[in-house]
Amino acid sequence: MKRFDAADLPERVDVLIIGGGVTGASAARDAALRGLSTVLVERDDFASGTSSRSSKLIHGGLRYLQTYQFRMVHESVREREVMMRIAPHLADLQPFLYLLYRGYPEGKALLNLGLTCYDAFSRAPLNRWHRMLGRAAVLRREPHLNPAGLAGAGLYHDAMTDDARLVIDVLESAARAGALLANHSEAVGLVHERGRVAGAEVADRITGAQTVIRARTVVNAAGPWVDRVLGLGAPVPHPTLRPTKGVHIVLSAKDFPLRTAVFLRSPSDDRVVWPTPTADGRHVYVGTTDTAFDGSLDDVVADEQDIAYLLEVANHTLPGARVGTEHLVGSWAGLRPVIAPPPGTSNSDASREHTITEGTGGLITAAGGKLTTARIMGRQIIDHVVAQLAREHGVRSVPASTTDQVPISGGDPADRFRARRALQPVAATQAERWLRRYGGNADRVASAGAHEPIPGTDLTDAEIRYAIEHEMAMTIADVLVRRTGSFYWSADGDDAAIGHVSGVLADHHGYSPDVRATQEIDYRGWVARNRGHRIGT
């Protein structure tokens with residue numbers, strides 16, 4: 001996929017989508033697959049907000065059964081099955097243990113009932129249905145778990161994902177279907193014609209160029225920033241969202257030897273939290289917090305209180321680990337775009353449902369939602385677009401959505417088979433890592449550059465070049481945070497790769513030495529803000 005410029009734009013498109021997180025990406029894919037001319041712009045990088053800072057799970061939301069949100073759980077767990085079909089490389093089914101300790105409000109009978117509903121909602125095969133385990137069986141499986149008061153667990157299955165890679169592959173699918181995409185392109189104003197929103201003024205934050213994009217319908221899918229986009233047209237008297245901050249910390253598996261993801265309750269406030277081993281078994285991340293946030297939406301980082309809370313959870317889970325800040329590999333923090341709930345509702349109990357509304361002038365705004373159900377949300381957004389196109393512009397006969405049937409980029413089994421054959425000359429561990437990350441596109445990665453790891457990092461020239469030349473990476477953070485994800489699992493943000501990345505970026509995009517130096521400074525500054533708990537900043 002490539003970044004469009006003004007010359008690529010038709011005089012008017014059917015739909016302009018503002019926001020390149022998982023919601024906007026899913027809407028763009030849905031629209032393009034239906035044959036609608038589609039443009040998507042993103043102020044920063046694709047998935048740079050909430051969609052790269054989630055718990056990295058595609059799951060049914062088991063804890064929402066406690067608040068009787070049965071419809072959402074049913075929808076979510078069925079969507080997990082869809083994603084395993086259309087994106088098998090990014091929906092990795094794994095076992096989870098829902099631990100039970102004495103004093104928990106859910107006993108064995110209630111947990112068994114909840115997990116039975118969970119399995120039935122998914123229509124998963126019987127060999128994937130949950131099993132209830134006694135205390136001894138749990139400790140045989142995870143001998144380092146806290147044994148004090150342990151009563152047993154429910155063993156069930158959910159899927160892990162790489163959230164940012166999911167967004168990139170959904171956008172690649174949209175581009176292949178004809179959508180035009182641009183990251184680092186900010187909507188700075190809305191265009192109005194005859195009292196209706198008819199496009200946006202867009203500023204390229206890389207080149208400084210300004211473009212007017214005219215569209216029959218405009219969608220605001222800016223996640224936590226939806227009110228900022230709404231404010232381009234008129235003042236927003238009542239905020240649409242009440243964002244909450246979710247933080248995760250990362251520990252080395254050597255310091256925190258957990259092999260199975262577990263759900264348990266925090267010892268300080270009884271919230272459900274989940275330490276989760278990564279697919280390669282090298283790290284465990286622990287999350288998440290859920291606290292009210294009223295700071296800058298553009299500067300969300302973990303603070304000392306967040307870190308202390310999650311370290312307490314970690315040490316409650318594996319008391320023998322005795323982990324402290326000196327053991328942290330890293331952390332990440334993001335905002336949940338939670339719709340402002342009624343007064344008196346706690347953050348943890350606020351609904352993760354979404355809304356799609358049409359405001360004055362016809363601007364369609366999608367708010368709320370979560371990673372797992374983004375495909376459904378994208379379909380519903382475009383259903384709304386189709387209705388508006390018919391009502392306001394006489395556009396008829398738009399096909400129904402097919403996004404639940406068409407694999408996303410890298411997800412086609414035939415492509416994966418072809419890629420596996422093409423990777424036979426590649427070292428087995430490298431080939432498996434690429435197949436897990438890129439699916440059917442892994443052979444394209446292998447052909448992009450050299451396969452040997454860059455000294456001091458696990459990354460290869462091939463992965464870096466593929467991100468820059470084929471996935472629209474424009475900055476160092478685009479490569480190391482969203483395309484490869486190496487930032488998350490490195491205490492220094494994969495500093496050893498910075499020079500190589502900036503060099504390839506400069507060669508490909510024609511950046512000057514000053515731009516290259518500025519990008520390196522900006523990335524290191526960003527790492528410092530996100531690793532402050534470790535390096536004393």
# chains A, B, ... in the order shown; residues from 1 in each chain; ligands from 1

call {"tool": "select_by_dssp", "arguments": {"residues": "segment 6-147 of chain A", "states": "strand (DSSP E)", "output": "list in words"}}
result
Val13, Asp14, Val15, Leu16, Ile17, Ile18, Thr38, Val39, Leu40, Val41, Leu57, Ile58, Asp92, Leu93, Gln94, Pro95, Phe96, Leu97, Tyr98, Leu99, Leu100, Tyr101, Arg131, Met132, Leu133 and Gly134 of chain A

call {"tool": "closest_atom_pairs", "arguments": {"of": "segment 478-533 of chain A", "to": "segment 328-339 of chain A", "cutoff": "9 Å", "atoms": "only C-alpha atoms", "output": "CSV"}}
result
residue,atom,partner,partner_atom,distance
A:Phe487,CA,A:Gly330,CA,8.6
A:Tyr488,CA,A:Gly330,CA,6.6
A:Trp489,CA,A:Val329,CA,6.7
A:Ser490,CA,A:Val329,CA,6.2
A:Ala491,CA,A:Val329,CA,4.6
A:Asp492,CA,A:Gly330,CA,8.3
A:Gly493,CA,A:Gly330,CA,8.4
A:Asn530,CA,A:Ser331,CA,6.9
A:Arg531,CA,A:Gly330,CA,6.2
A:His533,CA,A:Gly330,CA,8.5

call {"tool": "residues_around", "arguments": {"residues": "Gly295 of chain A", "least_positions_apart": "6", "cutoff": "12 Å", "atoms": "only C-alpha atoms", "output": "PyMOL selection string"}}
result
chain A and resi 242-245+301+335

call {"tool": "residues_around", "arguments": {"residues": "Asp92 of chain A", "least_positions_apart": "6", "cutoff": "7 Å", "atoms": "only C-alpha atoms", "output": "number ranges by chain"}}
result
A: 159-161

call {"tool": "write_last_selection", "arguments": {"atoms": "all heavy atoms", "output": "short mmCIF file (atom, residue, chain, number, x, y, z; two decimals), in the first residue's frame"}}
result
data_model
loop_
_atom_site.label_atom_id
_atom_site.label_comp_id
_atom_site.auth_asym_id
_atom_site.auth_seq_id
_atom_site.Cartn_x
_atom_site.Cartn_y
_atom_site.Cartn_z
N ALA A 159 -8.26 -15.66 22.17
CA ALA A 159 -7.23 -15.45 21.15
C ALA A 159 -6.37 -14.24 21.49
O ALA A 159 -6.87 -13.20 21.94
CB ALA A 159 -7.86 -15.27 19.78
N MET A 160 -5.08 -14.37 21.25
CA MET A 160 -4.15 -13.26 21.36
C MET A 160 -3.90 -12.68 19.97
O MET A 160 -4.06 -13.36 18.96
CB MET A 160 -2.83 -13.73 21.98
CG MET A 160 -2.97 -14.25 23.39
SD MET A 160 -1.40 -14.85 24.07
CE MET A 160 -0.43 -13.34 24.02
N THR A 161 -3.50 -11.40 19.94
CA THR A 161 -3.25 -10.76 18.66
C THR A 161 -2.14 -9.74 18.80
O THR A 161 -1.71 -9.39 19.91
CB THR A 161 -4.52 -10.07 18.13
OG1 THR A 161 -4.33 -9.70 16.76
CG2 THR A 161 -4.88 -8.83 18.93
#

call {"tool": "select_by_dssp", "arguments": {"residues": "segment 242-376 of chain A", "states": "alpha helix (DSSP H)", "output": "list in words"}}
result
Glu304, Gln305, Asp306, Ile307, Ala308, Tyr309, Leu310, Leu311, Glu312, Val313, Ala314, Asn315, His316, Thr317, Ala374, Arg375 and Ile376 of chain A

call {"tool": "write_last_selection", "arguments": {"atoms": "C-alpha atoms", "output": "compact mmCIF listing (two decimals), in the first residue's frame"}}
result
# COMPACT_ATOMS: atom_id res chain seq x y z
CA GLU A 304 4.21 5.65 39.39
CA GLN A 305 0.78 4.79 40.77
CA ASP A 306 -0.05 2.68 37.70
CA ILE A 307 3.25 0.83 37.95
CA ALA A 308 2.88 0.20 41.68
CA TYR A 309 -0.66 -1.16 41.19
CA LEU A 310 0.42 -3.63 38.52
CA LEU A 311 3.55 -4.73 40.37
CA GLU A 312 1.31 -5.52 43.35
CA VAL A 313 -0.84 -7.65 41.04
CA ALA A 314 2.26 -9.40 39.69
CA ASN A 315 3.61 -10.20 43.14
CA HIS A 316 0.19 -11.38 44.30
CA THR A 317 0.07 -13.73 41.30
CA ALA A 374 -14.20 -3.49 15.29
CA ARG A 375 -15.17 -5.41 12.14
CA ILE A 376 -18.83 -5.34 13.18

call {"tool": "residues_around", "arguments": {"residues": "segment 425-428 of chain A", "least_positions_apart": "5", "cutoff": "12 Å", "atoms": "only C-alpha atoms", "output": "ChimeraX atom specification"}}
result
/A:419-420,433-435,442-443,445-447,450-453,462

call {"tool": "write_last_selection", "arguments": {"atoms": "N, CA and C atoms", "output": "PDB file, in the first residue's frame"}}
result
ATOM      1  N   ALA A 419       3.473 -18.882   1.007  1.00  0.00           N
ATOM      2  CA  ALA A 419       4.545 -18.216   1.744  1.00  0.00           C
ATOM      3  C   ALA A 419       5.421 -19.226   2.480  1.00  0.00           C
ATOM      4  N   ARG A 420       4.805 -20.227   3.086  1.00  0.00           N
ATOM      5  CA  ARG A 420       5.581 -21.229   3.820  1.00  0.00           C
ATOM      6  C   ARG A 420       6.551 -21.949   2.888  1.00  0.00           C
ATOM      7  N   ARG A 433       8.455 -17.089  12.903  1.00  0.00           N
ATOM      8  CA  ARG A 433       8.153 -15.755  13.449  1.00  0.00           C
ATOM      9  C   ARG A 433       7.491 -14.888  12.401  1.00  0.00           C
ATOM     10  N   TRP A 434       7.973 -14.915  11.175  1.00  0.00           N
ATOM     11  CA  TRP A 434       7.390 -14.111  10.114  1.00  0.00           C
ATOM     12  C   TRP A 434       6.001 -14.616   9.725  1.00  0.00           C
ATOM     13  N   LEU A 435       5.819 -15.923   9.695  1.00  0.00           N
ATOM     14  CA  LEU A 435       4.493 -16.457   9.369  1.00  0.00           C
ATOM     15  C   LEU A 435       3.478 -16.065  10.434  1.00  0.00           C
ATOM     16  N   ALA A 442       4.465 -13.206   4.395  1.00  0.00           N
ATOM     17  CA  ALA A 442       5.804 -13.437   4.933  1.00  0.00           C
ATOM     18  C   ALA A 442       6.846 -13.574   3.838  1.00  0.00           C
ATOM     19  N   ASP A 443       6.469 -14.141   2.687  1.00  0.00           N
ATOM     20  CA  ASP A 443       7.451 -14.276   1.610  1.00  0.00           C
ATOM     21  C   ASP A 443       7.835 -12.921   1.032  1.00  0.00           C
ATOM     22  N   VAL A 445       8.030 -10.219   2.825  1.00  0.00           N
ATOM     23  CA  VAL A 445       8.982  -9.694   3.794  1.00  0.00           C
ATOM     24  C   VAL A 445      10.374 -10.259   3.513  1.00  0.00           C
ATOM     25  N   ALA A 446      10.448 -11.551   3.315  1.00  0.00           N
ATOM     26  CA  ALA A 446      11.740 -12.203   3.101  1.00  0.00           C
ATOM     27  C   ALA A 446      12.463 -11.648   1.876  1.00  0.00           C
ATOM     28  N   SER A 447      11.699 -11.246   0.863  1.00  0.00           N
ATOM     29  CA  SER A 447      12.315 -10.746  -0.368  1.00  0.00           C
ATOM     30  C   SER A 447      12.660  -9.257  -0.300  1.00  0.00           C
ATOM     31  N   ALA A 450      17.854  -8.145   3.696  1.00  0.00           N
ATOM     32  CA  ALA A 450      18.674  -9.171   4.325  1.00  0.00           C
ATOM     33  C   ALA A 450      17.978  -9.772   5.537  1.00  0.00           C
ATOM     34  N   HIS A 451      18.300 -11.031   5.828  1.00  0.00           N
ATOM     35  CA  HIS A 451      17.617 -11.782   6.883  1.00  0.00           C
ATOM     36  C   HIS A 451      18.389 -11.832   8.190  1.00  0.00           C
ATOM     37  N   GLU A 452      19.649 -11.417   8.198  1.00  0.00           N
ATOM     38  CA  GLU A 452      20.443 -11.500   9.417  1.00  0.00           C
ATOM     39  C   GLU A 452      20.010 -10.408  10.392  1.00  0.00           C
ATOM     40  N   PRO A 453      19.897 -10.735  11.686  1.00  0.00           N
ATOM     41  CA  PRO A 453      19.524  -9.705  12.665  1.00  0.00           C
ATOM     42  C   PRO A 453      20.536  -8.563  12.699  1.00  0.00           C
ATOM     43  N   ALA A 462      15.177  -6.898   6.365  1.00  0.00           N
ATOM     44  CA  ALA A 462      13.997  -7.247   5.571  1.00  0.00           C
ATOM     45  C   ALA A 462      12.722  -6.693   6.192  1.00  0.00           C
TER      46      ALA A 462
END

call {"tool": "atom_distance", "arguments": {"atom1": "atom CA of Ala25 of chain A", "atom2": "atom CA of Val188 of chain A"}}
result
19.9 Å

call {"tool": "atom_distance", "arguments": {"atom1": "atom CA of Pro88 of chain A", "atom2": "atom CA of Gly35 of chain A"}}
result
25.2 Å

call {"tool": "closest_residue", "arguments": {"among": "A:Arg259, A:His89, A:His509, A:Arg128", "to": "Arg3 of chain A", "atoms": "only C-alpha atoms"}}
result
A:His509

call {"tool": "closest_residue", "arguments": {"among": "A:Ala221, A:Leu166, A:Leu230, A:Val41", "to": "Ala366 of chain A", "atoms": "only C-alpha atoms"}}
result
A:Ala221
